[in-house]
$ cat run-v5.txt   # compact mmCIF, C-alpha atoms and all ligand atoms
# COMPACT_ATOMS: atom_id res chain seq x y z
CA MET X 1 -112.71 -85.29 136.82
CA PRO X 2 -112.11 -87.65 133.86
CA ARG X 3 -110.89 -91.22 134.46
CA PRO X 4 -107.16 -90.99 135.02
CA ILE X 5 -106.18 -93.22 132.09
CA GLN X 6 -103.89 -91.62 129.50
CA ALA X 7 -101.85 -92.63 126.47
CA THR X 8 -98.74 -90.64 125.61
CA ILE X 9 -96.93 -90.47 122.27
CA HIS X 10 -93.21 -89.78 122.69
CA THR X 11 -92.10 -87.64 119.75
CA GLU X 12 -88.41 -87.72 120.60
CA ALA X 13 -88.51 -91.53 120.85
CA LEU X 14 -89.93 -91.70 117.29
CA ARG X 15 -86.98 -89.57 116.10
CA HIS X 16 -84.56 -91.75 118.04
CA ASN X 17 -85.95 -94.98 116.58
CA LEU X 18 -85.86 -93.57 113.05
CA ALA X 19 -82.20 -92.66 113.56
CA ARG X 20 -81.52 -96.23 114.80
CA LEU X 21 -83.08 -97.71 111.66
CA ARG X 22 -81.06 -95.38 109.44
CA GLU X 23 -77.93 -96.53 111.25
CA ALA X 24 -78.89 -100.19 110.71
CA ALA X 25 -79.31 -99.71 106.95
CA PRO X 26 -76.62 -97.25 105.88
CA ASP X 27 -77.30 -95.43 102.59
CA ALA X 28 -80.78 -96.89 102.20
CA ARG X 29 -83.76 -94.56 102.14
CA VAL X 30 -86.45 -95.19 104.75
CA TRP X 31 -90.16 -95.59 104.23
CA GLY X 32 -91.91 -94.85 107.51
CA VAL X 33 -94.72 -97.39 107.55
CA VAL X 34 -97.76 -95.55 108.92
CA LYS X 35 -100.53 -97.94 107.94
CA ALA X 36 -103.27 -98.77 110.44
CA ASN X 37 -103.31 -95.14 111.59
CA ALA X 38 -99.57 -95.28 112.32
CA TYR X 39 -99.87 -98.58 114.19
CA GLY X 40 -102.60 -97.14 116.40
CA HIS X 41 -100.60 -94.03 117.35
CA GLY X 42 -102.49 -91.69 114.97
CA SER X 43 -100.95 -90.40 111.73
CA GLU X 44 -101.22 -86.77 112.85
CA ARG X 45 -99.68 -87.57 116.23
CA VAL X 46 -96.53 -89.20 114.82
CA TRP X 47 -96.05 -86.57 112.13
CA GLU X 48 -93.57 -84.41 114.07
CA GLY X 49 -91.53 -87.44 115.13
CA LEU X 50 -91.44 -89.14 111.74
CA ARG X 51 -91.28 -86.28 109.26
CA GLY X 52 -87.57 -87.05 108.84
CA VAL X 53 -88.37 -90.19 106.81
CA ASP X 54 -87.78 -90.31 103.04
CA GLY X 55 -91.34 -91.42 102.36
CA PHE X 56 -94.48 -92.71 104.02
CA ALA X 57 -95.83 -96.17 103.22
CA LEU X 58 -99.44 -96.94 104.01
CA LEU X 59 -102.52 -98.76 102.81
CA ASP X 60 -105.51 -96.70 101.94
CA LEU X 61 -106.28 -93.54 100.11
CA ALA X 62 -107.84 -91.79 103.08
CA GLU X 63 -104.59 -92.26 104.99
CA ALA X 64 -102.61 -90.93 102.02
CA GLN X 65 -104.88 -87.88 101.85
CA ARG X 66 -104.29 -87.23 105.57
CA VAL X 67 -100.52 -87.34 105.09
CA ARG X 68 -100.74 -84.91 102.17
CA ASP X 69 -103.02 -82.68 104.28
CA LEU X 70 -100.25 -82.52 106.89
CA GLY X 71 -98.11 -80.87 104.22
CA TRP X 72 -96.01 -83.85 103.11
CA ARG X 73 -94.86 -83.31 99.53
CA GLY X 74 -92.47 -86.29 99.40
CA PRO X 75 -93.09 -89.89 98.31
CA ILE X 76 -96.10 -91.85 99.55
CA LEU X 77 -96.33 -95.54 98.68
CA LEU X 78 -99.54 -97.59 98.71
CA LEU X 79 -98.28 -100.93 100.03
CA GLU X 80 -101.12 -102.97 98.51
CA GLY X 81 -101.63 -100.72 95.50
CA VAL X 82 -105.09 -99.76 94.31
CA PHE X 83 -108.25 -101.71 95.05
CA GLU X 84 -110.33 -100.41 92.14
CA ALA X 85 -109.77 -98.45 88.94
CA ARG X 86 -111.01 -95.09 90.24
CA ASP X 87 -108.34 -95.18 93.00
CA LEU X 88 -105.86 -94.40 90.22
CA GLU X 89 -107.44 -90.97 89.77
CA LEU X 90 -106.52 -90.06 93.33
CA CYS X 91 -103.05 -91.54 92.80
CA SER X 92 -102.63 -89.13 89.89
CA ARG X 93 -104.04 -86.21 91.87
CA LEU X 94 -102.01 -86.84 95.05
CA GLY X 95 -98.90 -88.08 93.24
CA LEU X 96 -98.96 -91.45 94.99
CA TRP X 97 -96.58 -94.27 94.15
CA HIS X 98 -98.29 -97.63 94.20
CA THR X 99 -97.52 -101.30 94.45
CA VAL X 100 -98.56 -103.52 91.55
CA HIS X 101 -98.96 -107.09 92.75
CA CYS X 102 -101.38 -108.67 90.25
CA GLU X 103 -102.53 -108.63 86.61
CA ALA X 104 -105.80 -106.89 87.51
CA GLN X 105 -103.87 -103.84 88.71
CA ILE X 106 -101.95 -103.69 85.42
CA ASP X 107 -105.26 -103.93 83.54
CA MET X 108 -106.61 -100.96 85.50
CA LEU X 109 -103.48 -98.91 84.80
CA ALA X 110 -103.65 -99.73 81.08
CA VAL X 111 -107.01 -97.94 80.75
CA HIS X 112 -106.31 -95.14 83.22
CA LYS X 113 -106.31 -91.65 81.70
CA THR X 114 -103.55 -89.49 83.16
CA HIS X 115 -101.18 -86.73 82.06
CA THR X 116 -98.63 -87.70 84.71
CA PRO X 117 -97.24 -91.22 84.45
CA HIS X 118 -97.07 -93.15 87.73
CA ARG X 119 -94.15 -94.56 89.65
CA VAL X 120 -94.97 -98.17 90.49
CA PHE X 121 -93.43 -100.81 92.75
CA LEU X 122 -93.76 -104.21 91.08
CA LYS X 123 -94.16 -106.81 93.79
CA MET X 124 -92.64 -110.26 93.65
CA ASN X 125 -93.90 -113.14 95.75
CA SER X 126 -90.57 -114.57 96.91
CA GLY X 127 -92.07 -117.04 99.39
CA MET X 128 -94.54 -115.22 101.63
CA ASN X 129 -97.38 -116.37 99.35
CA ARG X 130 -99.55 -113.39 100.18
CA LEU X 131 -99.29 -110.74 97.44
CA GLY X 132 -97.09 -110.55 94.36
CA PHE X 133 -96.14 -112.19 91.07
CA PRO X 134 -94.26 -115.48 91.27
CA GLY X 135 -90.67 -115.29 90.02
CA HIS X 136 -91.47 -116.91 86.65
CA ALA X 137 -94.18 -114.29 85.89
CA LEU X 138 -92.27 -111.21 87.03
CA ARG X 139 -90.52 -110.42 83.76
CA THR X 140 -93.77 -110.58 81.77
CA ALA X 141 -95.44 -108.26 84.28
CA TRP X 142 -92.46 -105.87 84.12
CA THR X 143 -92.54 -105.88 80.29
CA ARG X 144 -96.27 -105.13 80.29
CA LEU X 145 -95.83 -102.25 82.74
CA ASN X 146 -92.83 -100.91 80.87
CA ALA X 147 -94.88 -100.66 77.68
CA LEU X 148 -97.61 -98.54 79.30
CA PRO X 149 -97.54 -94.76 78.77
CA GLN X 150 -99.23 -94.52 82.21
CA VAL X 151 -96.07 -95.84 83.87
CA ASP X 152 -93.01 -93.75 84.56
CA GLU X 153 -90.49 -95.67 86.68
CA ILE X 154 -90.70 -99.29 87.84
CA SER X 155 -89.18 -100.34 91.17
CA LEU X 156 -89.04 -103.88 92.53
CA VAL X 157 -90.34 -104.98 95.88
CA THR X 158 -90.81 -108.12 97.95
CA HIS X 159 -91.75 -108.91 101.56
CA PHE X 160 -90.19 -111.38 104.00
CA SER X 161 -92.16 -113.99 105.91
CA ASP X 162 -89.41 -114.93 108.39
CA ALA X 163 -87.05 -112.04 108.98
CA ASP X 164 -87.79 -112.42 112.71
CA THR X 165 -87.34 -116.21 112.92
CA ASP X 166 -84.48 -118.70 112.63
CA LYS X 167 -85.51 -119.44 109.05
CA GLY X 168 -84.25 -115.97 108.11
CA VAL X 169 -84.33 -114.23 104.73
CA ALA X 170 -81.63 -115.97 102.64
CA ALA X 171 -83.94 -118.12 100.49
CA GLN X 172 -86.25 -115.21 99.70
CA VAL X 173 -83.35 -112.87 98.93
CA GLN X 174 -81.96 -115.48 96.52
CA ALA X 175 -85.33 -115.98 94.83
CA PHE X 176 -85.75 -112.19 94.47
CA GLU X 177 -82.24 -111.78 93.05
CA ARG X 178 -82.76 -114.61 90.59
CA ALA X 179 -86.04 -113.19 89.31
CA THR X 180 -84.90 -109.56 89.12
CA ARG X 181 -81.26 -110.08 88.08
CA ASP X 182 -81.30 -108.09 84.86
CA LEU X 183 -84.26 -105.84 85.54
CA PRO X 184 -83.47 -102.17 86.18
CA GLY X 185 -85.03 -100.17 89.00
CA GLU X 186 -84.77 -99.52 92.72
CA ARG X 187 -85.26 -102.36 95.19
CA SER X 188 -87.13 -102.60 98.49
CA LEU X 189 -87.19 -105.75 100.61
CA ALA X 190 -86.72 -105.15 104.34
CA ASN X 191 -89.25 -104.68 107.13
CA SER X 192 -88.12 -103.81 110.68
CA ALA X 193 -86.75 -107.25 111.53
CA ALA X 194 -84.79 -107.52 108.28
CA THR X 195 -83.47 -103.96 108.64
CA LEU X 196 -82.20 -104.52 112.18
CA LEU X 197 -80.92 -108.07 111.71
CA TYR X 198 -79.60 -107.96 108.16
CA GLY X 199 -79.47 -104.27 107.18
CA ALA X 200 -75.67 -104.39 106.90
CA ASP X 201 -76.11 -106.62 103.82
CA PRO X 202 -76.71 -104.48 100.71
CA ALA X 203 -78.74 -107.28 99.11
CA VAL X 204 -81.24 -107.11 101.99
CA ARG X 205 -81.43 -103.36 102.57
CA GLY X 206 -81.69 -102.53 98.87
CA ASP X 207 -82.51 -98.91 98.04
CA TRP X 208 -85.45 -98.49 100.42
CA VAL X 209 -86.16 -100.20 103.75
CA ARG X 210 -89.74 -100.35 105.07
CA PRO X 211 -89.72 -100.43 108.87
CA GLY X 212 -92.94 -100.16 110.85
CA ILE X 213 -92.95 -101.78 114.27
CA ALA X 214 -89.39 -100.80 115.24
CA LEU X 215 -90.18 -97.12 114.63
CA TYR X 216 -92.84 -97.54 117.30
CA GLY X 217 -90.47 -98.95 119.91
CA SER X 218 -91.36 -102.62 119.76
CA SER X 219 -88.75 -105.28 119.10
CA PRO X 220 -89.57 -107.16 115.88
CA ASP X 221 -88.00 -110.38 117.16
CA PHE X 222 -89.05 -110.38 120.81
CA PRO X 223 -88.42 -112.45 122.92
CA ALA X 224 -85.13 -113.32 121.16
CA HIS X 225 -84.15 -109.65 121.52
CA ASP X 226 -85.81 -106.84 123.44
CA ILE X 227 -85.88 -103.11 122.71
CA ALA X 228 -82.91 -102.51 125.01
CA HIS X 229 -80.87 -104.86 122.78
CA TRP X 230 -81.87 -102.91 119.67
CA ASN X 231 -81.55 -99.54 121.44
CA LEU X 232 -85.15 -98.62 120.64
CA GLN X 233 -87.37 -96.47 122.83
CA PRO X 234 -91.10 -96.84 123.55
CA THR X 235 -93.17 -94.36 121.56
CA LEU X 236 -96.54 -95.14 123.14
CA SER X 237 -97.08 -95.29 126.89
CA LEU X 238 -100.33 -96.34 128.50
CA SER X 239 -100.66 -95.11 132.05
CA SER X 240 -103.32 -94.74 134.70
CA ARG X 241 -103.69 -94.49 138.47
CA LEU X 242 -104.79 -96.57 141.43
CA ILE X 243 -108.45 -95.86 142.18
CA GLY X 244 -108.92 -98.52 144.87
CA LEU X 245 -106.98 -100.44 147.53
CA GLN X 246 -107.77 -103.76 149.19
CA GLN X 247 -106.07 -105.59 152.04
CA VAL X 248 -106.72 -109.28 151.39
CA ALA X 249 -106.11 -112.22 153.73
CA GLU X 250 -104.53 -115.56 152.87
CA GLY X 251 -107.05 -117.57 150.84
CA ASP X 252 -109.04 -114.53 149.64
CA THR X 253 -109.64 -114.35 145.92
CA VAL X 254 -109.42 -111.37 143.56
CA GLY X 255 -111.70 -110.44 140.68
CA TYR X 256 -114.08 -112.33 138.36
CA GLY X 257 -114.00 -116.09 138.47
CA SER X 258 -111.83 -115.93 141.62
CA ALA X 259 -108.95 -116.50 139.24
CA PHE X 260 -106.33 -115.42 141.80
CA THR X 261 -106.12 -116.72 145.38
CA ALA X 262 -103.85 -114.86 147.79
CA PRO X 263 -101.13 -117.17 149.14
CA GLN X 264 -100.75 -114.83 152.12
CA ALA X 265 -102.08 -111.49 153.36
CA MET X 266 -101.27 -108.81 150.78
CA ARG X 267 -102.19 -105.32 149.56
CA VAL X 268 -103.94 -105.14 146.22
CA GLY X 269 -104.27 -102.03 144.07
CA VAL X 270 -107.11 -101.45 141.60
CA VAL X 271 -106.13 -99.66 138.37
CA ALA X 272 -108.44 -97.58 136.16
CA CYS X 273 -107.71 -99.56 133.00
CA GLY X 274 -109.42 -102.58 131.48
CA TYR X 275 -109.97 -104.41 128.24
CA SER X 276 -112.26 -101.71 126.92
CA ASP X 277 -109.24 -99.38 127.00
CA GLY X 278 -107.33 -101.82 124.81
CA TYR X 279 -105.48 -103.69 127.57
CA PRO X 280 -105.61 -107.37 126.54
CA ARG X 281 -108.10 -109.46 128.49
CA HIS X 282 -105.90 -112.50 127.97
CA CYS X 283 -103.12 -111.19 130.23
CA PRO X 284 -102.90 -113.71 133.06
CA THR X 285 -101.90 -113.18 136.69
CA GLY X 286 -98.24 -112.21 136.70
CA THR X 287 -98.29 -109.89 133.68
CA PRO X 288 -95.72 -107.16 134.44
CA VAL X 289 -96.89 -103.65 135.33
CA LEU X 290 -95.19 -100.62 136.95
CA VAL X 291 -96.61 -98.91 140.04
CA ASP X 292 -94.83 -95.65 140.87
CA GLY X 293 -92.15 -96.88 138.46
CA VAL X 294 -91.66 -100.14 140.40
CA ARG X 295 -92.15 -103.43 138.59
CA THR X 296 -94.91 -105.64 139.95
CA ARG X 297 -97.63 -107.90 138.47
CA THR X 298 -101.32 -108.11 137.67
CA LEU X 299 -103.61 -110.34 139.73
CA GLY X 300 -106.61 -112.30 138.43
CA ARG X 301 -108.74 -111.47 135.41
CA VAL X 302 -108.68 -108.21 133.53
CA SER X 303 -112.16 -106.60 133.74
CA MET X 304 -113.75 -104.17 131.31
CA ASP X 305 -112.57 -101.08 133.22
CA MET X 306 -110.24 -102.32 135.97
CA ILE X 307 -107.20 -104.47 136.69
CA ALA X 308 -105.90 -105.61 140.09
CA VAL X 309 -102.19 -105.38 140.84
CA ASP X 310 -99.92 -106.72 143.58
CA LEU X 311 -98.61 -103.89 145.79
CA THR X 312 -96.20 -106.10 147.76
CA PRO X 313 -93.06 -104.67 146.07
CA VAL X 314 -94.40 -101.06 146.38
CA PRO X 315 -95.47 -100.62 150.03
CA GLN X 316 -95.57 -96.82 149.68
CA ALA X 317 -98.17 -96.97 146.86
CA GLY X 318 -101.58 -95.52 147.62
CA MET X 319 -104.64 -94.00 146.03
CA GLY X 320 -103.63 -92.06 142.92
CA SER X 321 -100.29 -93.80 142.50
CA GLU X 322 -99.12 -93.84 138.89
CA VAL X 323 -99.52 -97.13 137.04
CA THR X 324 -97.70 -97.80 133.77
CA LEU X 325 -99.40 -100.54 131.78
CA TRP X 326 -96.66 -100.31 129.14
CA GLY X 327 -94.13 -97.76 127.99
CA ARG X 328 -92.25 -95.21 130.11
CA SER X 329 -93.24 -94.18 133.63
CA SER X 330 -92.77 -90.60 134.82
CA HIS X 331 -89.97 -92.02 137.00
CA GLY X 332 -88.12 -93.07 133.83
CA ALA X 333 -88.61 -96.85 134.24
CA VAL X 334 -89.55 -98.68 131.04
CA LEU X 335 -91.94 -101.59 130.60
CA PRO X 336 -91.71 -102.69 126.95
CA ILE X 337 -95.06 -103.26 125.26
CA ASP X 338 -93.59 -106.56 124.02
CA GLU X 339 -93.58 -108.04 127.53
CA VAL X 340 -97.28 -107.35 128.02
CA ALA X 341 -98.12 -108.61 124.52
CA HIS X 342 -96.10 -111.77 125.14
CA ALA X 343 -97.99 -112.43 128.37
CA ALA X 344 -101.24 -112.15 126.39
CA GLY X 345 -99.97 -114.52 123.69
CA THR X 346 -99.79 -111.80 121.06
CA VAL X 347 -97.43 -109.16 119.64
CA GLY X 348 -96.84 -105.47 120.30
CA TYR X 349 -98.43 -104.62 116.92
CA GLU X 350 -101.83 -105.83 118.11
CA LEU X 351 -101.76 -103.92 121.40
CA MET X 352 -100.81 -100.65 119.70
CA CYS X 353 -103.51 -101.04 117.07
CA ALA X 354 -106.12 -101.92 119.73
CA LEU X 355 -105.73 -98.79 121.84
CA ALA X 356 -109.36 -97.79 122.44
CA PRO X 357 -110.76 -94.52 121.12
CA ARG X 358 -111.96 -93.65 124.65
CA VAL X 359 -108.35 -93.31 125.90
CA PRO X 360 -107.19 -89.67 125.74
CA VAL X 361 -103.88 -89.29 123.92
CA LEU X 362 -101.25 -86.69 124.71
CA VAL X 363 -98.45 -85.93 122.26
CA ALA X 364 -95.30 -85.21 124.27
CA GLU X 365 -91.85 -84.07 123.24
C1 LIG X 401 -95.38 -104.75 102.69
C2 LIG X 401 -94.98 -104.34 104.07
N1 LIG X 401 -93.81 -103.71 104.24
C3 LIG X 401 -93.39 -103.33 105.47
C4 LIG X 401 -94.15 -103.60 106.60
C5 LIG X 401 -93.63 -103.20 107.96
O1 LIG X 401 -93.39 -104.32 108.75
P1 LIG X 401 -92.85 -104.20 110.25
O2 LIG X 401 -93.89 -103.45 111.01
O3 LIG X 401 -92.72 -105.61 110.71
O4 LIG X 401 -91.56 -103.47 110.19
C6 LIG X 401 -95.36 -104.26 106.46
C7 LIG X 401 -96.16 -104.57 107.64
O5 LIG X 401 -96.73 -105.60 107.82
C8 LIG X 401 -95.79 -104.65 105.15
O6 LIG X 401 -96.95 -105.29 104.98
$ encode --input "run-v5.txt" --output "structure tokens" --more "lines below"
Ligand SMILES: Cc1ncc(COP(=O)(O)O)c(C=O)c1O
Amino acid sequence: MPRPIQATIHTEALRHNLARLREAAPDARVWGVVKANAYGHGSERVWEGLRGVDGFALLDLAEAQRVRDLGWRGPILLLEGVFEARDLELCSRLGLWHTVHCEAQIDMLAVHKTHTPHRVFLKMNSGMNRLGFPGHALRTAWTRLNALPQVDEISLVTHFSDADTDKGVAAQVQAFERATRDLPGERSLANSAATLLYGADPAVRGDWVRPGIALYGSSPDFPAHDIAHWNLQPTLSLSSRLIGLQQVAEGDTVGYGSAFTAPQAMRVGVVACGYSDGYPRHCPTGTPVLVDGVRTRTLGRVSMDMIAVDLTPVPQAGMGSEVTLWGRSSHGAVLPIDEVAHAAGTVGYELMCALAPRVPVLVAE
């Protein structure tokens, strides 16, 4: 019998979250961001749930090829554009739209031989200071692109650094508007946080929003707001079972480094899940977990293949009881991935992307 650990992709939850994002940004088209193998879910596994998007946005050519292989004929956007000149050949062949964020990418386009001109997304650096042309150089870049026979349509794009914080997006929106005021073309600015928080504002939602994390049922501004607040559903559940039970006495310790000492006699369950499955080793005692759908907590250090949990609130639990590390239990109870990530000092993005290849994944309705 295989180890009982299992990840489940919830197809209906992907559809639900996509509908929520559409609602938050009325009239805008939606790029489904599926970079990093669809945030660890697997591009092929989210396909059924996300095929209702208007386009897929991703990073590398192999991912783009996989999306085309699934039968997608609609728009695909390379969020960082091409990395070398020969990438443009595949862009021509697969009909990819690509970001242009620096002079070197314009140089490559200028010598690219193609019969079909490309649609490009000219990126402005409005304050993130990662990729993009500064405002004062945007017009020159646009004029250069506009003069190239290799270029068909030019859209304008920027990315927010603080859509999920108190700083907000106003300064970046203003900078983008100032730099693009009299340039034609479609606009794309908003990630998940900006779509949910500011999508009602036409200047923020533009023509295309680019949500990633919210599609996957993680709140972009947790802990300020959780997924219940945003009416999002978990799309990735990690579950396992109890494979061991211990009755410990007051003063007994649990696990490596004796990191947890029992304050009184208690029942401890041992779960078939550890850091080599992608569960964060940094989760301290007290990280929430569901046993038979009942909320309890982890005890002591996370090991490579096991975690100890407190069975005090679940006296009926025994060998084989279901454990939900995050996501939805078969009893319907939900433990948002954001709570576990927060306990580990990280974000839901990292946990999703770190799901280990050894964990079997089931695609459910
Ligand atoms: C350019 C760009 N747009 C959109 C996204 C999606 O962001 P999020 O997952 O926060 O919605 C990302 C992800 O980092 C990105 O780099």
$ residues_near_ligand --input "run-v5.txt" --ligand "ligand LIG 401 (chain X)" --cutoff "9 Å" --atoms "all atoms listed in the file" --output "PyMOL selection string"
chain X and resi 31-35+39+57-59+79-80+131+157-160+163-164+188-195+209-216+220+349
$ residues_near_point --input "run-v5.txt" --point "(-88.8, -95.7, 99.6)" --cutoff "7 Å" --atoms "only C-alpha atoms" --output "JSON, numbers by chain"
{"X": [29, 30, 31, 54, 55, 208, 209]}
$ residues_near_point --input "run-v5.txt" --point "(-106.2, -108.7, 148.4)" --cutoff "6 Å" --atoms "all atoms listed in the file" --output "list in words"
Gln246, Gln247, Val248, Met266, Arg267 and Val268 of chain X
$ residues_around --input "run-v5.txt" --residues "Ile307 in chain X" --least-positions-apart "6" --cutoff "9 Å" --atoms "all atoms listed in the file" --output "mmCIF file with C-alpha atoms, keeping the file's coordinate frame"
data_model
loop_
_atom_site.group_PDB
_atom_site.id
_atom_site.type_symbol
_atom_site.label_atom_id
_atom_site.label_comp_id
_atom_site.auth_asym_id
_atom_site.auth_seq_id
_atom_site.Cartn_x
_atom_site.Cartn_y
_atom_site.Cartn_z
ATOM 1 C CA GLY X 255 -111.700 -110.440 140.680
ATOM 2 C CA GLY X 269 -104.270 -102.030 144.070
ATOM 3 C CA VAL X 270 -107.110 -101.450 141.600
ATOM 4 C CA VAL X 271 -106.130 -99.660 138.370
ATOM 5 C CA ALA X 272 -108.440 -97.580 136.160
ATOM 6 C CA CYS X 273 -107.710 -99.560 133.000
ATOM 7 C CA GLY X 274 -109.420 -102.580 131.480
ATOM 8 C CA TYR X 275 -109.970 -104.410 128.240
ATOM 9 C CA THR X 298 -101.320 -108.110 137.670
ATOM 10 C CA LEU X 299 -103.610 -110.340 139.730
ATOM 11 C CA GLY X 300 -106.610 -112.300 138.430
ATOM 12 C CA ARG X 301 -108.740 -111.470 135.410
#
$ atom_distance --input "run-v5.txt" --atom1 "CA of Pro4 in chain X" --atom2 "CA of Ala344 in chain X"
23.6 Å
$ closest_atom_pairs --input "run-v5.txt" --of "range 138-239 of chain X" --to "range 90-99 of chain X" --cutoff "10 Å" --atoms "all atoms listed in the file" --output "CSV"
residue,atom,partner,partner_atom,distance
X:Gln150,CA,X:Ser92,CA,10.0
X:Glu153,CA,X:Trp97,CA,9.7
X:Ile154,CA,X:Thr99,CA,9.7
X:Ser155,CA,X:Thr99,CA,9.0
X:Leu156,CA,X:Thr99,CA,9.1
X:Val157,CA,X:Thr99,CA,8.2
$ axis_aligned_box --input "run-v5.txt" --around "range 193-209 of chain X" --padding-each-side "5 Å" --output "AutoDock Vina command-line options"
--center_x -81.2 --center_y -103.3 --center_z 105.1 --size_x 21.1 --size_y 19.6 --size_z 24.1
$ atom_distance --input "run-v5.txt" --atom1 "CA of Thr165 in chain X" --atom2 "CA of Gly348 in chain X"
16.1 Å
$ closest_atom_pairs --input "run-v5.txt" --of "range 186-256 of chain X" --to "range 322-343 of chain X" --cutoff "12 Å" --atoms "all atoms listed in the file" --output "tab-separated table"
residue	atom	partner	partner_atom	distance
X:Ile213	CA	X:Asp338	CA	10.9
X:Ala214	CA	X:Asp338	CA	11.3
X:Tyr216	CA	X:Ile337	CA	10.1
X:Gly217	CA	X:Pro336	CA	8.1
X:Ser218	CA	X:Asp338	CA	6.2
X:Ser219	CA	X:Asp338	CA	7.0
X:Pro220	CA	X:Asp338	CA	9.1
X:Asp221	CA	X:Asp338	CA	9.6
X:Phe222	CA	X:Asp338	CA	6.7
X:Pro223	CA	X:Asp338	CA	7.9
X:Ala224	CA	X:Asp338	CA	11.2
X:His225	CA	X:Asp338	CA	10.2
X:Asp226	CA	X:Asp338	CA	7.8
X:Ile227	CA	X:Pro336	CA	7.2
X:Ala228	CA	X:Pro336	CA	9.0
X:His229	CA	X:Pro336	CA	11.8
X:Asn231	CA	X:Pro336	CA	12.0
X:Leu232	CA	X:Pro336	CA	10.0
X:Gln233	CA	X:Gly327	CA	8.6
X:Pro234	CA	X:Gly327	CA	5.5
X:Thr235	CA	X:Gly327	CA	7.3
X:Leu236	CA	X:Gly327	CA	6.0
X:Ser237	CA	X:Gly327	CA	4.0
X:Leu238	CA	X:Leu325	CA	5.4
X:Ser239	CA	X:Thr324	CA	4.4
X:Ser240	CA	X:Val323	CA	5.1
X:Arg241	CA	X:Glu322	CA	4.6
X:Leu242	CA	X:Glu322	CA	6.8
X:Ile243	CA	X:Glu322	CA	10.1
$ atom_distance --input "run-v5.txt" --atom1 "CA of Phe176 in chain X" --atom2 "CA of Ala104 in chain X"
21.9 Å
$ residues_around --input "run-v5.txt" --residues "Leu138 in chain X" --least-positions-apart "3" --cutoff "8 Å" --atoms "all atoms listed in the file" --output "ChimeraX atom specification"
/X:124,133-135,141-142,179-180
$ residues_around --input "run-v5.txt" --residues "Arg86 in chain X" --least-positions-apart "4" --cutoff "9 Å" --atoms "all atoms listed in the file" --output "PDB file with C-alpha atoms, in the coordinates of the input"
ATOM      1  CA  VAL X  82    -105.090 -99.760  94.310  1.00  0.00           C
ATOM      2  CA  LEU X  90    -106.520 -90.060  93.330  1.00  0.00           C
ATOM      3  CA  MET X 108    -106.610-100.960  85.500  1.00  0.00           C
ATOM      4  CA  HIS X 112    -106.310 -95.140  83.220  1.00  0.00           C
TER       5      HIS X 112
END
$ closest_residue --input "run-v5.txt" --among "X:Val289, X:Leu109, X:Leu21, X:Leu14" --to "Ala200 in chain X" --atoms "all atoms listed in the file"
X:Leu21
$ closest_residue --input "run-v5.txt" --among "X:Met352, X:Leu183, X:Ala147, X:Leu61" --to "Glu84 in chain X" --atoms "all atoms listed in the file"
X:Leu61
$ residues_around --input "run-v5.txt" --residues "Pro117 in chain X" --least-positions-apart "6" --cutoff "7 Å" --atoms "all atoms listed in the file" --output "list in words"
Pro149, Gln150, Val151 and Asp152 of chain X
$ write_last_selection --input "run-v5.txt" --atoms "C-alpha atoms" --output "mmCIF file, in the coordinates of the input"
data_model
loop_
_atom_site.group_PDB
_atom_site.id
_atom_site.type_symbol
_atom_site.label_atom_id
_atom_site.label_comp_id
_atom_site.auth_asym_id
_atom_site.auth_seq_id
_atom_site.Cartn_x
_atom_site.Cartn_y
_atom_site.Cartn_z
ATOM 1 C CA PRO X 149 -97.540 -94.760 78.770
ATOM 2 C CA GLN X 150 -99.230 -94.520 82.210
ATOM 3 C CA VAL X 151 -96.070 -95.840 83.870
ATOM 4 C CA ASP X 152 -93.010 -93.750 84.560
#
$ residues_around --input "run-v5.txt" --residues "Val363 in chain X" --least-positions-apart "2" --cutoff "10 Å" --atoms "only C-alpha atoms" --output "count of residues only"
14
$ closest_residue --input "run-v5.txt" --among "X:Glu23, X:Asp107, X:Asp292, X:Asp166" --to "Leu145 in chain X" --atoms "only C-alpha atoms"
X:Asp107
$ closest_residue --input "run-v5.txt" --among "X:Ala317, X:Val173, X:Ala24, X:Leu50" --to "Met128 in chain X" --atoms "all atoms listed in the file"
X:Val173
